[in-house]
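For reference, model.cif (mmCIF, C-alpha atoms):
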data_entry
loop_
_atom_site.label_atom_id
_atom_site.label_comp_id
_atom_site.auth_asym_id
_atom_site.auth_seq_id
_atom_site.Cartn_x
_atom_site.Cartn_y
_atom_site.Cartn_z
CA MET I 638 19.43 3.38 -11.24
CA SER I 639 20.11 3.51 -7.52
CA SER I 640 17.19 3.58 -5.10
CA GLN I 641 18.02 7.20 -4.20
CA GLU I 642 18.01 8.32 -7.84
CA PHE I 643 14.73 6.47 -8.30
CA ILE I 644 13.22 8.23 -5.28
CA GLN I 645 14.43 11.63 -6.56
CA SER I 646 13.04 11.06 -10.07
CA GLY I 647 9.46 12.04 -9.13
CA GLN I 648 8.21 8.69 -10.42
CA LEU I 649 6.89 7.63 -6.99
CA GLU I 650 4.62 10.67 -6.74
CA LEU I 651 3.14 9.81 -10.14
CA TYR I 652 2.69 6.18 -9.07
CA VAL I 653 0.65 7.25 -6.03
CA LEU I 654 -1.44 9.53 -8.24
CA GLY I 655 -2.11 6.58 -10.58
CA HIS I 656 -0.51 8.35 -13.56
CA LEU I 657 1.95 5.66 -14.67
CA ASP I 658 1.46 3.07 -17.38
CA LYS I 659 1.55 -0.65 -16.63
CA ALA I 660 5.29 -1.13 -17.26
CA GLU I 661 6.25 1.91 -15.17
CA MET I 662 3.96 0.74 -12.36
CA LEU I 663 5.60 -2.69 -12.34
CA GLU I 664 9.00 -1.04 -12.17
CA VAL I 665 7.95 1.00 -9.11
CA GLU I 666 6.51 -2.12 -7.46
CA ARG I 667 9.69 -4.07 -8.16
CA MET I 668 11.86 -1.28 -6.72
CA ALA I 669 9.60 -1.08 -3.65
CA LEU I 670 10.08 -4.79 -3.03
CA GLN I 671 13.80 -4.66 -3.55
CA PHE I 672 14.51 -1.49 -1.58
CA PRO I 673 12.68 -0.94 1.71
CA GLU I 674 13.53 2.78 1.51
CA VAL I 675 11.46 3.06 -1.70
CA LYS I 676 8.51 1.41 0.04
CA VAL I 677 8.82 3.80 3.00
CA GLU I 678 9.02 6.77 0.64
CA LEU I 679 5.85 5.64 -1.14
CA GLU I 680 3.98 5.40 2.15
CA LYS I 681 5.05 8.90 3.16
CA ILE I 682 3.92 10.32 -0.17
CA GLU I 683 0.58 8.56 0.27
CA LEU I 684 0.17 9.97 3.77
CA SER I 685 0.91 13.50 2.54
CA PHE I 686 -1.67 13.25 -0.24
CA GLU I 687 -4.10 11.87 2.32
CA LYS I 688 -3.45 14.74 4.71
CA LEU I 689 -3.88 17.23 1.88
CA ALA I 690 -7.23 15.67 0.95
CA ILE I 691 -8.38 15.82 4.56
CA GLU I 692 -7.43 19.50 4.82
CA ASN I 693 -9.27 20.17 1.60
CA ALA I 694 -12.40 18.32 2.81
CA VAL I 695 -15.90 19.56 1.92
CA THR I 696 -18.82 18.10 3.85
CA PRO I 697 -21.47 16.79 1.46
CA ASN I 698 -25.20 17.35 1.85
CA ASN I 699 -26.74 15.38 4.75
CA GLU I 700 -29.18 13.42 2.63
CA LEU I 701 -26.52 12.10 0.30
CA LYS I 702 -25.49 9.28 2.61
CA ASN I 703 -28.87 7.53 2.58
CA LYS I 704 -29.21 8.11 -1.13
CA ILE I 705 -25.90 6.38 -1.80
CA TRP I 706 -26.72 3.50 0.53
CA ASP I 707 -30.05 2.98 -1.28
CA GLU I 708 -28.26 2.91 -4.63
CA ILE I 709 -25.69 0.46 -3.30
CA GLN I 710 -28.40 -1.86 -2.03
CA LYS I 711 -30.23 -1.65 -5.34
CA ALA I 712 -27.05 -2.59 -7.17
CA ASP I 713 -26.21 -5.38 -4.70
CA SER I 714 -29.67 -6.95 -4.90
CA LEU I 715 -29.97 -6.69 -8.69
CA HIS I 716 -29.22 -10.34 -9.30
CA PHE I 717 -31.79 -11.47 -6.72
CA THR I 718 -34.76 -9.64 -8.24
CA GLU I 719 -35.10 -12.03 -11.17
CA ALA I 720 -35.59 -14.99 -8.86
CA GLU I 721 -38.12 -13.05 -6.78
CA SER I 722 -40.23 -11.99 -9.74
CA GLU I 723 -40.57 -15.63 -10.86
CA THR I 724 -42.13 -16.67 -7.55
CA LYS I 725 -44.59 -13.79 -7.68
CA GLN I 726 -46.04 -14.99 -10.98
CA SER I 727 -47.60 -18.19 -9.55
CA THR I 728 -51.42 -18.26 -9.47
CA LEU I 729 -53.53 -19.60 -6.60
CA PRO I 730 -54.14 -23.36 -7.00
CA SER I 731 -56.89 -25.44 -5.25
CA SER I 732 -56.60 -25.52 -1.46
CA SER I 733 -54.95 -28.92 -0.82
CA ILE I 734 -52.36 -28.49 -3.52
CA PHE I 735 -51.85 -24.97 -2.24
CA LYS I 736 -51.12 -26.31 1.26
CA TRP I 737 -48.63 -28.80 -0.14
CA LEU I 738 -47.05 -26.16 -2.25
CA SER I 739 -46.76 -23.76 0.64
CA VAL I 740 -45.12 -26.46 2.78
CA LEU I 741 -42.79 -27.16 -0.11
CA ALA I 742 -42.10 -23.47 -0.62
CA ILE I 743 -41.39 -22.86 3.04
CA SER I 744 -39.07 -25.83 3.32
CA SER I 745 -37.30 -24.83 0.08
CA ALA I 746 -36.95 -21.34 1.43
CA LEU I 747 -35.47 -22.68 4.65
CA ILE I 748 -33.05 -24.90 2.75
CA LEU I 749 -32.12 -22.00 0.52
CA ALA I 750 -31.61 -19.70 3.50
CA TYR I 751 -29.41 -22.35 5.13
CA GLN I 752 -27.41 -22.84 1.94
CA ASN I 753 -27.16 -19.09 1.53
CA SER I 754 -25.69 -18.71 4.99
CA LEU I 755 -23.24 -21.53 4.24
CA ILE I 756 -22.19 -19.83 1.00
CA LYS I 757 -21.86 -16.51 2.77
CA SER I 758 -19.62 -17.92 5.48
CA LYS I 759 -17.59 -19.75 2.82
CA ALA I 760 -17.19 -16.47 0.94
CA GLN I 761 -16.01 -14.80 4.12
CA ASP I 762 -13.52 -17.61 4.71
CA LEU I 763 -12.24 -17.18 1.18
CA GLN I 764 -11.82 -13.47 1.70
CA LYS I 765 -9.87 -14.10 4.88
CA ASN I 766 -7.72 -16.66 3.05
CA THR I 767 -7.03 -14.13 0.31
CA ILE I 768 -5.75 -11.65 2.87
CA ILE I 769 -3.61 -14.35 4.50
CA LEU I 770 -2.25 -15.28 1.07
CA GLN I 771 -1.48 -11.66 0.29
CA ASP I 772 0.40 -11.40 3.57
CA SER I 773 2.41 -14.49 2.77
CA ILE I 774 3.26 -13.13 -0.68
CA VAL I 775 4.62 -10.01 0.99
CA ALA I 776 6.62 -12.17 3.42
CA LEU I 777 7.94 -14.32 0.56
CA ASN I 778 8.93 -11.27 -1.41
CA LYS I 779 10.84 -9.99 1.60
CA ALA I 780 12.60 -13.34 1.93
CA LEU I 781 13.39 -13.29 -1.79
CA THR I 782 14.88 -9.81 -1.53
CA ALA I 783 17.01 -11.02 1.40
CA CYS I 784 18.16 -14.00 -0.70
CA GLN I 785 19.07 -11.72 -3.58
CA THR I 786 21.16 -9.55 -1.28
CA ASP I 787 22.80 -12.68 0.15
CA LYS I 788 23.56 -13.94 -3.35
CA LYS I 789 25.25 -10.65 -4.27
CA ILE I 790 27.52 -11.02 -1.25
CA LEU I 791 28.29 -14.68 -2.03
CA PHE I 792 29.59 -13.69 -5.47
CA ASP I 793 31.19 -10.44 -4.42
CA LYS I 794 34.97 -10.87 -4.72
CA SER I 795 35.67 -8.05 -2.25
CA TYR I 796 34.40 -10.31 0.57
CA GLN I 797 36.90 -12.64 2.23
CA ILE I 798 35.57 -15.97 3.38
CA ILE I 799 36.69 -17.27 6.77
CA GLU I 800 35.70 -20.76 7.84
CA LEU I 801 35.15 -21.17 11.58
CA LYS I 802 35.61 -24.77 12.76
CA GLY I 803 33.97 -26.31 15.80
CA VAL I 804 36.16 -26.52 18.89
CA LYS I 805 36.01 -29.90 20.65
CA PRO I 806 33.54 -31.31 21.56
CA ASN I 807 31.41 -29.30 19.04
CA ILE I 808 33.16 -30.70 15.97
CA LEU I 809 30.00 -30.72 13.83
CA ALA I 810 29.32 -27.01 14.18
CA GLN I 811 30.43 -24.75 11.34
CA ALA I 812 30.26 -21.10 10.58
CA ARG I 813 31.36 -19.10 7.57
CA ILE I 814 32.16 -15.40 7.78
CA TYR I 815 31.95 -13.07 4.78
CA PHE I 816 34.13 -10.16 5.65
CA ASN I 817 34.66 -6.95 3.68
CA PRO I 818 37.24 -4.79 5.54
CA GLN I 819 36.73 -1.80 3.15
CA LYS I 820 33.01 -1.70 3.91
CA THR I 821 33.65 -3.00 7.47
CA ASP I 822 30.82 -5.40 6.65
CA VAL I 823 30.57 -8.77 8.43
CA ARG I 824 28.01 -11.45 7.52
CA ILE I 825 27.72 -14.91 8.98
CA ALA I 826 26.15 -18.21 7.94
CA ILE I 827 25.94 -20.97 10.53
CA GLN I 828 25.30 -24.69 10.43
CA ASP I 829 24.62 -27.31 13.11
CA PHE I 830 24.61 -24.88 16.00
CA PRO I 831 22.66 -26.63 18.76
CA PRO I 832 19.83 -24.56 20.29
CA LEU I 833 20.77 -22.94 23.59
CA PRO I 834 18.77 -22.54 26.80
CA PRO I 835 16.71 -19.30 26.68
CA ASN I 836 19.14 -17.44 28.96
CA GLN I 837 22.12 -18.02 26.63
CA GLN I 838 23.19 -16.79 23.19
CA TYR I 839 26.02 -17.25 20.70
CA GLN I 840 28.26 -14.19 20.46
CA LEU I 841 30.68 -13.39 17.63
CA TRP I 842 34.10 -11.86 18.29
CA ALA I 843 36.67 -10.32 15.98
CA LEU I 844 40.19 -10.98 17.27
CA LYS I 845 42.90 -8.43 16.53
CA ASN I 846 46.36 -8.37 18.12
CA GLY I 847 45.12 -10.48 20.99
CA GLN I 848 42.16 -8.18 21.63
CA ALA I 849 38.56 -9.46 21.28
CA ILE I 850 36.05 -7.01 19.77
CA ASP I 851 32.32 -7.70 20.13
CA ALA I 852 30.87 -8.38 16.64
CA GLY I 853 27.28 -8.99 17.69
CA MET I 854 24.84 -11.68 18.82
CA ILE I 855 23.77 -14.52 16.53
CA ASN I 856 20.14 -15.45 16.09
CA ILE I 857 19.13 -19.12 15.89
CA PRO I 858 17.75 -20.32 13.51
CA GLY I 859 19.95 -18.42 11.11
CA GLN I 860 19.49 -19.78 7.60
CA ASP I 861 20.29 -16.45 5.96
CA LEU I 862 23.45 -14.47 5.95
CA GLN I 863 23.14 -12.58 9.17
CA ASN I 864 24.41 -9.00 9.22
CA MET I 865 26.78 -8.52 12.16
CA LYS I 866 28.43 -5.45 13.70
CA ASN I 867 30.89 -3.45 11.60
CA ILE I 868 34.50 -4.56 11.90
CA ALA I 869 37.41 -2.84 10.11
CA SER I 870 40.14 -5.41 10.60
CA ALA I 871 40.66 -8.78 12.25
CA ASP I 872 43.20 -11.64 12.46
CA ALA I 873 40.54 -14.19 13.38
CA PHE I 874 36.88 -14.62 14.29
CA ALA I 875 35.49 -16.72 17.14
CA ILE I 876 32.12 -17.52 18.66
CA THR I 877 31.52 -18.11 22.35
CA ILE I 878 28.42 -19.07 24.30
CA GLU I 879 27.45 -16.20 26.57
CA LYS I 880 24.50 -15.05 28.63
CA LEU I 881 21.54 -13.53 26.77
CA GLY I 882 22.40 -10.12 25.29
CA GLY I 883 26.13 -10.80 25.36
CA VAL I 884 29.12 -9.71 27.42
CA THR I 885 31.95 -7.20 26.91
CA SER I 886 34.80 -9.73 26.90
CA PRO I 887 34.57 -13.35 25.78
CA THR I 888 34.44 -16.30 28.17
CA MET I 889 37.21 -18.37 26.61
CA SER I 890 36.15 -21.54 28.39
CA SER I 891 32.95 -21.48 26.32
CA LEU I 892 34.72 -21.02 22.96
CA PHE I 893 32.52 -22.71 20.38
CA VAL I 894 33.98 -22.20 16.89
CA MET I 895 37.02 -20.32 15.63
CA GLY I 896 38.90 -19.53 12.43
CA ALA I 897 41.80 -17.31 11.35
CA LEU I 898 42.09 -15.14 8.24
CA MET B 143 -12.13 2.63 14.79
CA TYR B 144 -11.17 0.16 12.08
CA SER B 145 -7.77 -0.45 10.58
CA GLU B 146 -7.78 -0.26 6.79
CA SER B 147 -7.56 -4.05 6.42
CA GLU B 148 -10.49 -4.61 8.82
CA LEU B 149 -12.53 -2.05 6.94
CA VAL B 150 -11.79 -3.83 3.65
CA LEU B 151 -12.99 -7.14 5.15
CA HIS B 152 -16.23 -5.53 6.33
CA ILE B 153 -16.88 -3.92 2.95
CA LYS B 154 -16.33 -7.28 1.30
CA ALA B 155 -18.94 -8.73 3.66
CA ARG B 156 -21.39 -6.02 2.34
CA ASP B 157 -21.83 -4.80 5.87
CA LYS B 158 -23.92 -1.64 6.52
CA ILE B 159 -21.66 -0.73 9.45
CA ALA B 160 -18.73 -0.73 7.05
CA PHE B 161 -20.58 1.68 4.78
CA ASP B 162 -21.47 3.99 7.69
CA TYR B 163 -17.85 4.02 8.76
CA LEU B 164 -16.52 4.48 5.23
CA TYR B 165 -18.87 7.39 4.67
CA LYS B 166 -18.24 9.06 8.00
CA GLN B 167 -14.50 8.71 7.69
CA TYR B 168 -13.90 9.56 4.05
CA SER B 169 -16.89 11.26 2.39
CA ALA B 170 -15.77 14.82 3.18
CA ALA B 171 -12.17 14.25 2.01
CA LEU B 172 -13.38 12.62 -1.23
CA MET B 173 -16.04 15.31 -1.69
CA GLY B 174 -13.20 17.84 -1.43
CA VAL B 175 -11.38 16.08 -4.26
CA ALA B 176 -14.53 16.03 -6.43
CA SER B 177 -15.30 19.69 -5.60
CA ARG B 178 -11.93 20.89 -6.89
CA ILE B 179 -12.78 19.50 -10.32
CA HIS B 180 -16.51 20.24 -10.17
CA PRO B 181 -17.16 23.31 -8.02
CA LYS B 182 -20.94 22.94 -8.34
CA PRO B 183 -22.05 20.95 -5.27
CA GLU B 184 -24.75 19.00 -7.10
CA ILE B 185 -22.25 17.71 -9.66
CA ALA B 186 -19.59 17.00 -7.03
CA GLU B 187 -22.19 15.00 -5.09
CA GLU B 188 -23.02 12.97 -8.18
CA VAL B 189 -19.32 12.26 -8.56
CA LEU B 190 -19.12 11.25 -4.91
CA GLN B 191 -22.10 8.90 -5.24
CA GLU B 192 -20.65 7.27 -8.35
CA SER B 193 -17.26 6.92 -6.61
CA PHE B 194 -18.76 5.26 -3.54
CA MET B 195 -20.64 2.84 -5.80
CA LYS B 196 -17.37 1.96 -7.55
CA ILE B 197 -15.49 1.57 -4.27
CA TRP B 198 -18.20 -0.74 -2.96
CA LYS B 199 -18.47 -2.75 -6.15
CA ASN B 200 -14.75 -3.07 -6.92
CA ILE B 201 -13.38 -3.62 -3.41
CA GLU B 202 -12.14 -7.06 -4.54
CA SER B 203 -9.71 -5.40 -6.91
CA TYR B 204 -8.10 -3.30 -4.17
CA ASP B 205 -4.63 -4.70 -3.47
CA PRO B 206 -3.26 -3.64 -0.06
CA THR B 207 0.31 -4.56 -1.05
CA LYS B 208 0.26 -1.80 -3.65
CA GLY B 209 -0.84 1.07 -1.45
CA ARG B 210 -3.21 2.47 1.11
CA LEU B 211 -6.97 2.10 0.83
CA PHE B 212 -7.35 5.86 0.93
CA THR B 213 -5.00 6.34 -2.03
CA TRP B 214 -7.07 3.83 -4.00
CA MET B 215 -10.33 5.59 -3.13
CA LEU B 216 -8.86 9.00 -3.86
CA ASN B 217 -7.76 7.90 -7.33
CA ILE B 218 -11.18 6.37 -8.05
CA THR B 219 -12.83 9.65 -7.06
CA ARG B 220 -10.44 11.78 -9.11
CA ASN B 221 -10.88 9.54 -12.17
CA THR B 222 -14.65 9.56 -11.79
CA ALA B 223 -14.62 13.35 -11.57
CA ILE B 224 -12.55 13.54 -14.77
CA ASP B 225 -14.90 11.10 -16.52
CA PHE B 226 -17.75 13.43 -15.59
CA THR B 227 -15.90 16.36 -17.15
CA ARG B 228 -15.50 14.48 -20.41
CA LEU B 229 -19.11 13.35 -20.38
CA LYS B 230 -20.30 16.88 -19.69
CA ASN B 231 -18.16 18.43 -22.39
CA TYR B 232 -19.33 15.79 -24.80
CA ASN B 233 -23.00 16.45 -24.03
CA TYR B 234 -22.61 20.18 -24.27
CA SER B 235 -20.60 20.18 -27.45
CA ASN B 236 -23.18 17.99 -29.11
CA HIS B 237 -26.29 19.76 -27.99
CA ILE B 238 -25.50 23.27 -27.01
CA ASP B 239 -24.00 26.19 -28.88
CA ASP B 240 -20.32 27.08 -28.82
CA LYS B 241 -20.66 29.92 -26.35
CA LEU B 242 -21.81 27.53 -23.66
CA VAL B 243 -19.03 25.07 -24.41
CA ASP B 244 -16.58 27.84 -23.68
CA THR B 245 -18.07 28.61 -20.32
CA VAL B 246 -18.11 24.93 -19.42
CA ASP B 247 -14.50 24.58 -20.45
CA ASN B 248 -13.55 27.58 -18.40
CA GLU B 249 -15.32 26.25 -15.40
CA THR B 250 -13.94 22.75 -15.47
CA SER B 251 -10.42 23.03 -16.80
CA SER B 252 -9.24 26.58 -16.47
CA LEU B 253 -5.81 27.09 -15.06
CA ASN B 254 -6.88 29.63 -12.61
CA ILE B 255 -3.99 29.60 -10.18
CA ASP B 256 -6.07 31.46 -7.70
CA THR B 257 -5.12 30.26 -4.25
CA LEU B 258 -8.44 31.27 -2.77
CA ASP B 259 -10.02 28.44 -0.72
CA LEU B 260 -6.92 26.26 -0.94
CA PRO B 261 -5.78 24.62 2.28
CA GLU B 262 -3.78 27.22 4.20
CA ILE B 263 -0.68 25.07 4.46
CA ILE B 264 0.05 24.79 0.74
CA LYS B 265 0.28 28.55 0.40
CA ASN B 266 3.77 28.08 1.84
CA LEU B 267 4.90 26.42 -1.36
CA ASN B 268 6.97 28.04 -4.06
CA PRO B 269 4.41 29.39 -6.61
CA GLU B 270 5.87 27.36 -9.50
CA HIS B 271 5.67 24.15 -7.48
CA LEU B 272 2.21 25.02 -6.22
CA GLN B 273 1.01 25.55 -9.78
CA VAL B 274 2.07 22.01 -10.76
CA LEU B 275 0.61 20.48 -7.60
CA GLN B 276 -2.62 22.33 -8.19
CA ILE B 277 -3.10 21.33 -11.80
CA ILE B 278 -2.20 17.68 -11.14
CA TYR B 279 -3.50 16.96 -7.65
CA PHE B 280 -6.50 19.29 -7.50
CA LYS B 281 -7.50 19.57 -11.15
CA GLY B 282 -6.69 15.97 -12.04
CA PHE B 283 -4.47 16.58 -15.05
CA THR B 284 -2.05 13.79 -15.95
CA HIS B 285 1.61 14.82 -15.92
CA SER B 286 1.75 14.88 -19.73
CA GLU B 287 -1.43 17.00 -19.92
CA ALA B 288 0.10 19.31 -17.33
CA ALA B 289 3.31 19.57 -19.38
CA GLU B 290 1.34 20.53 -22.46
CA GLU B 291 -0.93 22.96 -20.63
CA LEU B 292 1.93 24.77 -18.88
CA GLY B 293 4.31 24.53 -21.86
CA LEU B 294 6.96 22.82 -19.75
CA PRO B 295 9.05 19.68 -20.35
CA LEU B 296 7.81 16.50 -18.69
CA GLY B 297 10.96 16.34 -16.57
CA THR B 298 10.30 19.80 -15.14
CA ILE B 299 6.75 18.81 -14.23
CA LYS B 300 8.02 15.73 -12.40
CA THR B 301 10.74 17.69 -10.59
CA ARG B 302 8.33 20.43 -9.51
CA LEU B 303 5.70 17.95 -8.38
CA ARG B 304 8.29 16.14 -6.30
CA ALA B 305 9.55 19.44 -4.88
CA ALA B 306 5.98 20.40 -3.93
CA ILE B 307 5.34 17.08 -2.20
CA THR B 308 8.71 17.17 -0.47
CA LYS B 309 7.91 20.60 0.95
CA LEU B 310 4.44 19.43 1.99
CA ARG B 311 5.94 16.44 3.76
CA LEU B 312 8.24 18.78 5.59
CA LEU B 313 5.27 20.88 6.67
CA TYR B 314 3.33 17.73 7.66
CA ASN B 315 6.34 16.10 9.33
CA HIS B 316 6.20 13.07 7.03
CA VAL B 317 9.92 13.18 6.34
#
Take the structure in this file and express it as structure tokens.
Amino acid sequence: MSSQEFIQSGQLELYVLGHLDKAEMLEVERMALQFPEVKVELEKIELSFEKLAIENAVTPNNELKNKIWDEIQKADSLHFTEAESETKQSTLPSSSIFKWLSVLAISSALILAYQNSLIKSKAQDLQKNTIILQDSIVALNKALTACQTDKKILFDKSYQIIELKGVKPNILAQARIYFNPQKTDVRIAIQDFPPLPPNQQYQLWALKNGQAIDAGMINIPGQDLQNMKNIASADAFAITIEKLGGVTSPTMSSLFVMGAL
Amino acid sequence: MYSESELVLHIKARDKIAFDYLYKQYSAALMGVASRIHPKPEIAEEVLQESFMKIWKNIESYDPTKGRLFTWMLNITRNTAIDFTRLKNYNYSNHIDDKLVDTVDNETSSLNIDTLDLPEIIKNLNPEHLQVLQIIYFKGFTHSEAAEELGLPLGTIKTRLRAAITKLRLLYNHV
């Protein structure tokens, strides 16, 4: 099923409403990771439901807020009450022992309070770490989706592969173009491109009948297949070093790599 | 003003300020959801209280990668409201005569497609689409319950729900 068909199916609305079973939910989540447009669609549906709820708002009774907070506190402190009731049961001992005991009790209380604050701050750290981890999972999933797209292109026979070789003295540098003239799609993978000063950038050119057509700027580091500008036909591709943001015609003296179809 | 992720952090820290904010920001919207299923304010408020307790207690299970905090809270509230309906019907059918059960049923699950009191904007929807939106979003029916209740195929329910939301998004500019 294409992402558009999936969006049209009405399944995303049911996902947001929490009406899907586990397998269907996983399918929606997988599609959302794979297709950014599905994710965007989900967010828009959520926002519409949210807006609808806000327009349908009914203000509750004023006293309800405190009542709920009291109940929450009761529930939160439930596991502390047992410990408290134990301390209340102690009977009054003779005065000197009582003094010792109170010193002991106070110091234990202080130690406990200190430990409690340590535990609390640890718990907060853990919560922060969880959020950081969740963010990195999202980032990894994005990277994975990018890899999957790249892999499809690598094995797609409709893409021609053009090797660009380093022009002296940059003999180590290599670039490989994946070019699909039907889709006018151009992707590039680069290797051993030295970093440039901040005011310079590598620029890709498609050469056709002696004309150079701008095919976009290359980002360093570029481990993935970078998506370049659309090109319908070319005899060769070349990369030059240009000023930041690129130029309209290539500076041939700064030709860096080149390869013909 | 908190972002959703900041608010989640504060709730996890059991912070009173987080509760104040949560309540101020969302209680009326969630009360609206509860009120559609339980028109009696005292019952809707019970639902709201129970929902806030669940939100507070289960905040660890909220996963921001799967959707917005509000969506999560809204679904908790709707499910709590539906649980109340079941509980109420159960109590009545066990202890009170049949006549009363009927009135309770009518009150809580009738398909009264009366557009009175509905947000003004959704009156712009096609009546068939509105009917599906109303029974699912406002009354809390699942899509299969809605299909059975309206005597329509599941596919039609899904198509109409999507059409209703699409129109709403157009009206809200969430296109």
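In this structure, the chain B residues at most 6 Å away from chain I are Ala170, Ala171, Met173, Gly174, Gln191, Pro261, Lys300, Thr301, Arg304, Arg311 and His316 of chain B, with only C-alpha atoms considered.
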I need the residue set behind the PyMOL selection byres ((chain I and resi 831-846) around 9) for this file; please write it as a count of residues only.
37
Which value, in Å to one decimal, gives the distance between CA of Tyr796 in chain I and CA of Asn817 in chain I?
4.6 Å
Could you write out as a list in words the residues that the PyMOL selection byres ((chain B and resi 303) around 10) matches in the shown file?
Gly647, Gln648, Glu650 and Leu651 of chain I; Glu270, His271, Leu272, Gln273, Val274, Leu275, Gln276, Ile278, Tyr279, His285, Gly297, Thr298, Ile299, Lys300, Thr301, Arg302, Arg304, Ala305, Ala306, Ile307, Thr308 and Lys309 of chain B
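Excluding Arg667 in chain I itself and same-chain residues fewer than 3 positions from it, the residues having an atom within 12 Å of it are Ser640, Phe643, Ala660, Glu661, Met662, Leu663, Glu664, Leu670, Gln671, Phe672, Pro673, Val675, Lys676, Asn778, Lys779, Leu781 and Thr782 of chain I; Thr207 and Lys208 of chain B, counting only C-alpha atoms.
Relative to CA of Gly282 in chain B, CA of Thr213 in chain B is found at 14.0 Å.
Straight-line separation from CA of Leu211 in chain B to CA of Val150 in chain B: 8.1 Å.
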Test item: residues at most 12 Å from Leu791 in chain I, all atoms listed in the file, excluding those fewer than 4 positions along its chain, as a PyMOL selection string:
chain I and resi 784-787+795-798+813-817+824-826+861-862
Emit the selected residues as a PDB file, in the coordinates of the input, including C-alpha atoms.
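This is the output file result-v7.pdb:
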ATOM      1  CA  CYS I 784      18.160 -14.000  -0.700  1.00  0.00           C
ATOM      2  CA  GLN I 785      19.070 -11.720  -3.580  1.00  0.00           C
ATOM      3  CA  THR I 786      21.160  -9.550  -1.280  1.00  0.00           C
ATOM      4  CA  ASP I 787      22.800 -12.680   0.150  1.00  0.00           C
ATOM      5  CA  SER I 795      35.670  -8.050  -2.250  1.00  0.00           C
ATOM      6  CA  TYR I 796      34.400 -10.310   0.570  1.00  0.00           C
ATOM      7  CA  GLN I 797      36.900 -12.640   2.230  1.00  0.00           C
ATOM      8  CA  ILE I 798      35.570 -15.970   3.380  1.00  0.00           C
ATOM      9  CA  ARG I 813      31.360 -19.100   7.570  1.00  0.00           C
ATOM     10  CA  ILE I 814      32.160 -15.400   7.780  1.00  0.00           C
ATOM     11  CA  TYR I 815      31.950 -13.070   4.780  1.00  0.00           C
ATOM     12  CA  PHE I 816      34.130 -10.160   5.650  1.00  0.00           C
ATOM     13  CA  ASN I 817      34.660  -6.950   3.680  1.00  0.00           C
ATOM     14  CA  ARG I 824      28.010 -11.450   7.520  1.00  0.00           C
ATOM     15  CA  ILE I 825      27.720 -14.910   8.980  1.00  0.00           C
ATOM     16  CA  ALA I 826      26.150 -18.210   7.940  1.00  0.00           C
ATOM     17  CA  ASP I 861      20.290 -16.450   5.960  1.00  0.00           C
ATOM     18  CA  LEU I 862      23.450 -14.470   5.950  1.00  0.00           C
TER      19      LEU I 862
END
Just need the box for range 305-314 of chain B, edges along x, y and z, holding every atom the file lists for it with 8 Å tacked onto each side, so centre and edge lengths in Å to one decimal, as AutoDock Vina command-line options.
--center_x 6.4 --center_y 18.7 --center_z 1.4 --size_x 22.2 --size_y 20.4 --size_z 28.5
Matched chain/residue IDs from the PyMOL selection byres ((chain B and resi 215) around 10), as a list of chain:residue names
B:Tyr168, B:Leu172, B:Ser193, B:Phe194, B:Lys196, B:Ile197, B:Ile201, B:Tyr204, B:Arg210, B:Leu211, B:Phe212, B:Thr213, B:Trp214, B:Leu216, B:Asn217, B:Ile218, B:Thr219, B:Arg220, B:Asn221
